[in-house]
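Q: Have a look at this one.
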Amino acid sequence: MLNQTSVTEFLLLGVTDIQVLQPVLFVVFLAIYSLSLAGNGAILMVVISDPRLHSPMYFFLGNLSCLDICYSTVTLPKMLENLLSTHRAISFLGCMSQLHFFHFLGSTEAMLVPVMAFDRFVAICKPLHYSLIMNHQVCIQMSVTVWIFGFFHALLHSVMTSRLNFCGSNHIHHFFCDVKPLLKLACGDTELNQWLLNTVTGTFAMGSFFLILLSYFYIIIYLFFKTHSCSMLHKALSTCASHFIVVILLFGPVVFIYIRPASGSSMDQDWIVAIMYSVVTPALNPLIYTLRNKEVNGGLEEGDQKEALT
């Protein structure tokens with residue numbers, strides 16, 4: 001799998017080389033990471049433990065929380081370590097592993113969100129057939145499918161990147177190992193790698209984005225013509241709006257970094273945008289998905305009451 005190369009390790013230059021800012025950034029990112037772990041962990045715990053939440057909607061929400069915990073853990077602990085360290089090395093194998101799991105979890109989440117949108121479409125537009133269409137076996141199959149596709153999508157990029165020859169600088173202008181910064185360090189032709197990154201990732205991202213828009217479009221049209229309740233329509237639109245915020249936070253940065261032409265790329269812009277989807281979004285997802293969710297909030301409150309009693 002790995003090609004012969006003179007580089008045995010890489011140096012992650014991180015988000016800034018200003019010494020005064022590094023402790024401040026460490027505290028900020030540690031707080032965000034803790035918030036992400038606490039929020040997603042609480043949702044995962046409630047979804048598993050509360051029988052009332054053993055439904056397709058919360059099954060997929062639990063998958064999303066699990067993904068967000070792993071997704072932020074791939075990059076944030078190493079970044080936090082580097083903010084307090086002068087030696088910011090990562091081994092060649094460690095770099096390729098980080099790249100693989102980052103794309104594995106990110107692409108899996110990108111495919112899980114349209115599955116969640118489809119679940120809401122069936123629940124709202126086909127309520128009488130919901131339990132038949134979204135039965136337990138189908139939910140398991142859909143979940144396993146997106147995880148498998150995500151794994152092989154990431155494997156494509158990690159294998160192709162690891163086969164490149166790195167014979168020059170080993171300084172990565174980023175806070176984690178990603179395909180684009182590594183392509184800038186590679187010796188030889190990287191045109192195929194760049195084409196695969198733009199085409200395959202672009203197809204995944206735009207295809208998922210289109211399916212989400214289609215699901216929410218049909219939901220809104222169905223409710224607009226079928227329901228005579230303004231409160232029901234308002235509730236559905238507010239739910240779609242909150243979910244659409246997640247979609248923008250997830251797919252906007254992907255389009256900006258991976259699909260735009262390499263000639264317009266700026267590494268400073270790339271890591272700023274990367275912080276949004278790898279650090280901020282996993283912490284915001286629990287707030288966005290549960291802020292108006294009475295069932296999850298009720299489960300969390302019951303959990304707090306039980307802890308208080310014990």
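Lettering and numbering for the structure tokens are positional, with chains as A, B, ... in the shown order, residues counted from 1 in each chain, and ligands counted from 1 in the shown order.
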Any idea what's packed within 8 Å of Ile288 in chain A, counting only C-alpha atoms, ignoring anything in its chain fewer than 4 positions away? Could you give it as a list in words?

A: Ser242, His243, Ile245, Val246 and Leu284 of chain A

Q: Just all heavy atoms for this one: save the residues we selected as an mmCIF file, in the first residue's frame.

A:
data_model
loop_
_atom_site.group_PDB
_atom_site.id
_atom_site.type_symbol
_atom_site.label_atom_id
_atom_site.label_comp_id
_atom_site.auth_asym_id
_atom_site.auth_seq_id
_atom_site.Cartn_x
_atom_site.Cartn_y
_atom_site.Cartn_z
ATOM 1 N N SER A 242 -34.035 24.019 10.863
ATOM 2 C CA SER A 242 -32.945 23.670 11.766
ATOM 3 C C SER A 242 -32.069 22.576 11.169
ATOM 4 O O SER A 242 -30.842 22.606 11.281
ATOM 5 C CB SER A 242 -33.493 23.232 13.128
ATOM 6 O OG SER A 242 -34.274 22.063 13.003
ATOM 7 N N HIS A 243 -32.702 21.608 10.499
ATOM 8 C CA HIS A 243 -31.930 20.554 9.846
ATOM 9 C C HIS A 243 -31.139 21.109 8.667
ATOM 10 O O HIS A 243 -30.024 20.657 8.385
ATOM 11 C CB HIS A 243 -32.860 19.439 9.364
ATOM 12 C CG HIS A 243 -33.441 18.637 10.485
ATOM 13 N ND1 HIS A 243 -34.183 17.494 10.269
ATOM 14 C CD2 HIS A 243 -33.398 18.796 11.826
ATOM 15 C CE1 HIS A 243 -34.576 17.001 11.439
ATOM 16 N NE2 HIS A 243 -34.110 17.783 12.391
ATOM 17 N N ILE A 245 -29.801 24.001 8.478
ATOM 18 C CA ILE A 245 -28.609 24.661 9.020
ATOM 19 C C ILE A 245 -27.458 23.657 9.108
ATOM 20 O O ILE A 245 -26.315 23.957 8.762
ATOM 21 C CB ILE A 245 -28.898 25.260 10.409
ATOM 22 C CG1 ILE A 245 -29.896 26.415 10.291
ATOM 23 C CG2 ILE A 245 -27.609 25.757 11.077
ATOM 24 C CD1 ILE A 245 -30.391 26.944 11.628
ATOM 25 N N VAL A 246 -27.776 22.429 9.576
ATOM 26 C CA VAL A 246 -26.775 21.364 9.642
ATOM 27 C C VAL A 246 -26.238 21.064 8.246
ATOM 28 O O VAL A 246 -25.031 20.874 8.055
ATOM 29 C CB VAL A 246 -27.373 20.084 10.262
ATOM 30 C CG1 VAL A 246 -26.377 18.951 10.237
ATOM 31 C CG2 VAL A 246 -27.827 20.352 11.688
ATOM 32 N N LEU A 284 -22.076 21.747 17.385
ATOM 33 C CA LEU A 284 -23.369 22.412 17.181
ATOM 34 C C LEU A 284 -24.497 21.431 16.881
ATOM 35 O O LEU A 284 -25.660 21.713 17.188
ATOM 36 C CB LEU A 284 -23.263 23.426 16.035
ATOM 37 C CG LEU A 284 -22.487 24.711 16.309
ATOM 38 C CD1 LEU A 284 -22.480 25.579 15.056
ATOM 39 C CD2 LEU A 284 -23.079 25.479 17.478
#

Q: Using DSSP on the backbone coordinates, identify the residues of range 67-284 of chain A assigned to strand (DSSP E or B); present them as a PyMOL selection string.

A: chain A and resi 89-91+165+171-172+187

Q: As a count of residues only, please: all residues of range 63-283 of chain A that backbone DSSP puts in alpha helix (DSSP H).

A: 166

Q: Do you have, as a tab-separated table, the list of residues of range 99-170 of chain A lying at most 12 Å from range 49-67 of chain A, each with its nearest atom pair and that distance in Å to one decimal, counting only C-alpha atoms and ordered by chain then number?

A:
residue	atom	partner	partner_atom	distance
A:Phe101	CA	A:Leu67	CA	10.8
A:Phe102	CA	A:Leu67	CA	10.5
A:His103	CA	A:Leu67	CA	11.6
A:Phe104	CA	A:Leu67	CA	9.8
A:Leu105	CA	A:Leu67	CA	6.2
A:Gly106	CA	A:Leu67	CA	8.1
A:Ser107	CA	A:Leu67	CA	10.2
A:Thr108	CA	A:Leu67	CA	8.0
A:Glu109	CA	A:Leu64	CA	6.7
A:Ala110	CA	A:Leu64	CA	9.9
A:Met111	CA	A:Leu64	CA	10.5
A:Leu112	CA	A:Leu64	CA	7.3
A:Val113	CA	A:Leu64	CA	8.1
A:Pro114	CA	A:Phe60	CA	10.6
A:Val115	CA	A:Phe60	CA	8.1
A:Met116	CA	A:Phe60	CA	6.4
A:Ala117	CA	A:Met57	CA	9.4
A:Phe118	CA	A:Met57	CA	10.0
A:Asp119	CA	A:Met57	CA	6.7
A:Arg120	CA	A:Met57	CA	7.6
A:Phe121	CA	A:Met57	CA	11.0
A:Val122	CA	A:Met57	CA	10.8
A:Ala123	CA	A:Met57	CA	9.1
A:Ile124	CA	A:Met57	CA	12.0
A:Tyr130	CA	A:Pro56	CA	9.8
A:Ser131	CA	A:Pro56	CA	9.1
A:Leu132	CA	A:Pro56	CA	11.5
A:Ile133	CA	A:Pro56	CA	10.5
A:Met134	CA	A:Pro56	CA	6.8
A:Asn135	CA	A:Pro56	CA	7.7
A:His136	CA	A:Pro56	CA	7.3
A:Gln137	CA	A:Pro56	CA	10.3
A:Val138	CA	A:Pro56	CA	9.4
A:Cys139	CA	A:Pro56	CA	6.5
A:Ile140	CA	A:Phe59	CA	9.0
A:Gln141	CA	A:Phe60	CA	11.7
A:Met142	CA	A:Phe60	CA	9.5
A:Ser143	CA	A:Phe60	CA	7.6
A:Val144	CA	A:Asn63	CA	10.3
A:Val146	CA	A:Asn63	CA	10.6
A:Trp147	CA	A:Leu67	CA	9.8
A:Gly150	CA	A:Leu67	CA	11.3

Q: Write out the residues from the selection above, keeping N, CA and C atoms, as a CSV table (one decimal), in the first residue's frame.

A:
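part_32.csv written:
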chain,number,residue,atom,x,y,z
A,101,PHE,N,-9.4,8.1,8.3
A,101,PHE,CA,-10.6,8.1,9.3
A,101,PHE,C,-11.3,9.5,9.2
A,102,PHE,N,-10.6,10.5,8.9
A,102,PHE,CA,-11.2,11.8,8.7
A,102,PHE,C,-12.2,11.8,7.5
A,103,HIS,N,-11.8,11.2,6.4
A,103,HIS,CA,-12.7,11.1,5.2
A,103,HIS,C,-13.7,10.0,5.4
A,104,PHE,N,-13.4,9.0,6.1
A,104,PHE,CA,-14.3,7.9,6.3
A,104,PHE,C,-15.5,8.4,7.1
A,105,LEU,N,-15.2,9.1,8.2
A,105,LEU,CA,-16.3,9.6,9.1
A,105,LEU,C,-17.1,10.8,8.5
A,106,GLY,N,-16.3,11.6,7.8
A,106,GLY,CA,-16.9,12.8,7.1
A,106,GLY,C,-17.9,12.4,6.0
A,107,SER,N,-17.4,11.5,5.1
A,107,SER,CA,-18.3,11.0,4.0
A,107,SER,C,-19.5,10.2,4.5
A,108,THR,N,-19.3,9.4,5.6
A,108,THR,CA,-20.4,8.7,6.2
A,108,THR,C,-21.4,9.6,6.7
A,109,GLU,N,-21.0,10.7,7.4
A,109,GLU,CA,-22.0,11.7,7.8
A,109,GLU,C,-22.7,12.4,6.7
A,110,ALA,N,-21.9,12.7,5.6
A,110,ALA,CA,-22.5,13.3,4.5
A,110,ALA,C,-23.6,12.5,3.8
A,111,MET,N,-23.5,11.1,3.9
A,111,MET,CA,-24.5,10.2,3.4
A,111,MET,C,-25.6,9.9,4.4
A,112,LEU,N,-25.3,10.1,5.7
A,112,LEU,CA,-26.3,9.8,6.7
A,112,LEU,C,-27.4,10.9,6.8
A,113,VAL,N,-27.0,12.1,6.5
A,113,VAL,CA,-27.9,13.3,6.6
A,113,VAL,C,-29.0,13.1,5.6
A,114,PRO,N,-28.8,12.8,4.3
A,114,PRO,CA,-29.9,12.5,3.4
A,114,PRO,C,-30.8,11.3,3.8
A,115,VAL,N,-30.2,10.3,4.5
A,115,VAL,CA,-31.0,9.2,5.0
A,115,VAL,C,-32.0,9.7,6.1
A,116,MET,N,-31.5,10.6,6.9
A,116,MET,CA,-32.3,11.2,8.0
A,116,MET,C,-33.4,12.1,7.3
A,117,ALA,N,-33.1,12.8,6.3
A,117,ALA,CA,-34.1,13.6,5.6
A,117,ALA,C,-35.2,12.7,4.9
A,118,PHE,N,-34.7,11.6,4.4
A,118,PHE,CA,-35.7,10.6,3.8
A,118,PHE,C,-36.6,10.0,4.8
A,119,ASP,N,-36.1,9.8,6.0
A,119,ASP,CA,-36.9,9.2,7.1
A,119,ASP,C,-38.0,10.2,7.5
A,120,ARG,N,-37.6,11.5,7.5
A,120,ARG,CA,-38.6,12.5,7.8
A,120,ARG,C,-39.7,12.7,6.7
A,121,PHE,N,-39.2,12.5,5.4
A,121,PHE,CA,-40.1,12.5,4.3
A,121,PHE,C,-41.2,11.4,4.4
A,122,VAL,N,-40.7,10.2,4.7
A,122,VAL,CA,-41.7,9.0,4.8
A,122,VAL,C,-42.6,9.3,6.0
A,123,ALA,N,-42.1,9.8,7.1
A,123,ALA,CA,-42.9,10.0,8.3
A,123,ALA,C,-44.0,11.0,8.1
A,124,ILE,N,-43.7,12.0,7.3
A,124,ILE,CA,-44.6,13.1,7.1
A,124,ILE,C,-45.6,12.9,5.9
A,130,TYR,N,-45.3,4.2,7.2
A,130,TYR,CA,-44.0,4.5,7.8
A,130,TYR,C,-43.4,3.3,8.4
A,131,SER,N,-44.2,2.6,9.3
A,131,SER,CA,-43.6,1.5,10.0
A,131,SER,C,-43.2,0.3,9.1
A,132,LEU,N,-43.9,0.3,7.9
A,132,LEU,CA,-43.6,-0.8,6.9
A,132,LEU,C,-42.3,-0.4,6.2
A,133,ILE,N,-42.2,0.8,5.7
A,133,ILE,CA,-41.1,1.3,4.9
A,133,ILE,C,-39.8,1.4,5.8
A,134,MET,N,-39.9,2.0,6.9
A,134,MET,CA,-38.8,2.2,7.8
A,134,MET,C,-38.8,1.3,8.9
A,135,ASN,N,-38.9,0.0,8.6
A,135,ASN,CA,-38.8,-1.0,9.7
A,135,ASN,C,-37.4,-1.2,10.2
A,136,HIS,N,-37.2,-1.9,11.3
A,136,HIS,CA,-35.9,-2.0,11.9
A,136,HIS,C,-34.8,-2.6,11.0
A,137,GLN,N,-35.2,-3.6,10.2
A,137,GLN,CA,-34.2,-4.2,9.3
A,137,GLN,C,-33.7,-3.2,8.2
A,138,VAL,N,-34.7,-2.4,7.7
A,138,VAL,CA,-34.3,-1.5,6.7
A,138,VAL,C,-33.4,-0.4,7.3
A,139,CYS,N,-33.7,0.1,8.5
A,139,CYS,CA,-32.9,1.1,9.1
A,139,CYS,C,-31.4,0.6,9.3
A,140,ILE,N,-31.3,-0.7,9.8
A,140,ILE,CA,-30.0,-1.3,10.0
A,140,ILE,C,-29.2,-1.3,8.6
A,141,GLN,N,-29.9,-1.8,7.6
A,141,GLN,CA,-29.3,-1.9,6.3
A,141,GLN,C,-28.9,-0.6,5.7
A,142,MET,N,-29.7,0.5,5.9
A,142,MET,CA,-29.3,1.8,5.4
A,142,MET,C,-28.1,2.3,6.2
A,143,SER,N,-28.1,2.1,7.5
A,143,SER,CA,-27.0,2.6,8.3
A,143,SER,C,-25.7,1.9,8.0
A,144,VAL,N,-25.7,0.6,7.8
A,144,VAL,CA,-24.5,-0.2,7.5
A,144,VAL,C,-24.0,0.2,6.1
A,146,VAL,N,-24.3,3.1,4.5
A,146,VAL,CA,-23.6,4.4,4.5
A,146,VAL,C,-22.2,4.3,5.2
A,147,TRP,N,-22.1,3.5,6.2
A,147,TRP,CA,-20.8,3.3,6.9
A,147,TRP,C,-19.8,2.6,5.9
A,150,GLY,N,-18.8,5.0,3.1
A,150,GLY,CA,-17.9,6.0,3.6
A,150,GLY,C,-16.5,5.4,3.8

Q: Write out as a tab-separated table (two decimals) with N, CA, C and O atoms, in the first residue's frame which residues come within 7 Å of Cys177 in chain A when counting only C-alpha atoms, dropping same-chain ones fewer than 6 positions away.

A:
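Writing done, so here's out_12.tsv:
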chain	number	residue	atom	x	y	z
A	95	CYS	N	-0.17	9.72	9.78
A	95	CYS	CA	-0.76	10.75	8.92
A	95	CYS	C	-1.78	10.13	7.96
A	95	CYS	O	-2.88	10.66	7.79
A	98	GLN	N	-4.87	9.11	9.91
A	98	GLN	CA	-5.70	10.27	10.23
A	98	GLN	C	-6.49	10.72	9.00
A	98	GLN	O	-7.69	11.01	9.09
A	99	LEU	N	-5.83	10.77	7.85
A	99	LEU	CA	-6.49	11.14	6.60
A	99	LEU	C	-7.64	10.18	6.30
A	99	LEU	O	-8.75	10.61	5.95

Q: Please compute the CA of Lys180 in chain A-CA of Trp271 in chain A distance, one decimal, in Å.

A: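 Interatomic distance, CA of Lys180 in chain A to CA of Trp271 in chain A: 11.0 Å.
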
Q: Using only C-alpha atoms for the distances, tell me which of A:Ile48, A:Val7, A:Cys125, A:Val254 is nearest to Thr203 in chain A.

A: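 Closest to Thr203 in chain A, using only C-alpha atoms: A:Val254.
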
Q: Nearest to Pro253 in chain A among A:Gly94, A:Gly207, A:Gly202, A:Pro286, with distances taken over only C-alpha atoms: which residue is it?

A: A:Gly202

Q: Neighbouring residues of Phe92 in chain A were defined as those with any atom within 9 Å, considering only C-alpha atoms; residues of the same chain fewer than 4 positions away were excluded. Please report them as JSON, numbers by chain.

A: {"A": [7, 8, 9, 10, 96, 97, 162]}

Q: Between A:Phe26, A:Tyr71, A:Phe151, A:Phe217, which has the minimum distance to Ser85 in chain A (counting only C-alpha atoms)?

A: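 Under the stated criterion, the closest residue is A:Phe26.
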
Q: So which residues touch Val179 in chain A within 10 Å, counting only C-alpha atoms, skipping near sequence neighbours fewer than 5 positions away, as a list in words?

A: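 Residues near the query, excluding close chain neighbours: Met96, Leu99, His100, His103, His157, Ser158, Met160, Thr161, Ser162, Lys184, Asn193, Gln194, Leu197 and Tyr258 of chain A.
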
Q: For a test of reading the model, state the distance in Å between CA of Tyr222 in chain A and CA of Phe209 in chain A, rounded to one decimal.

A: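 So the two atoms, CA of Tyr222 in chain A and CA of Phe209 in chain A, lie 20.0 Å apart.
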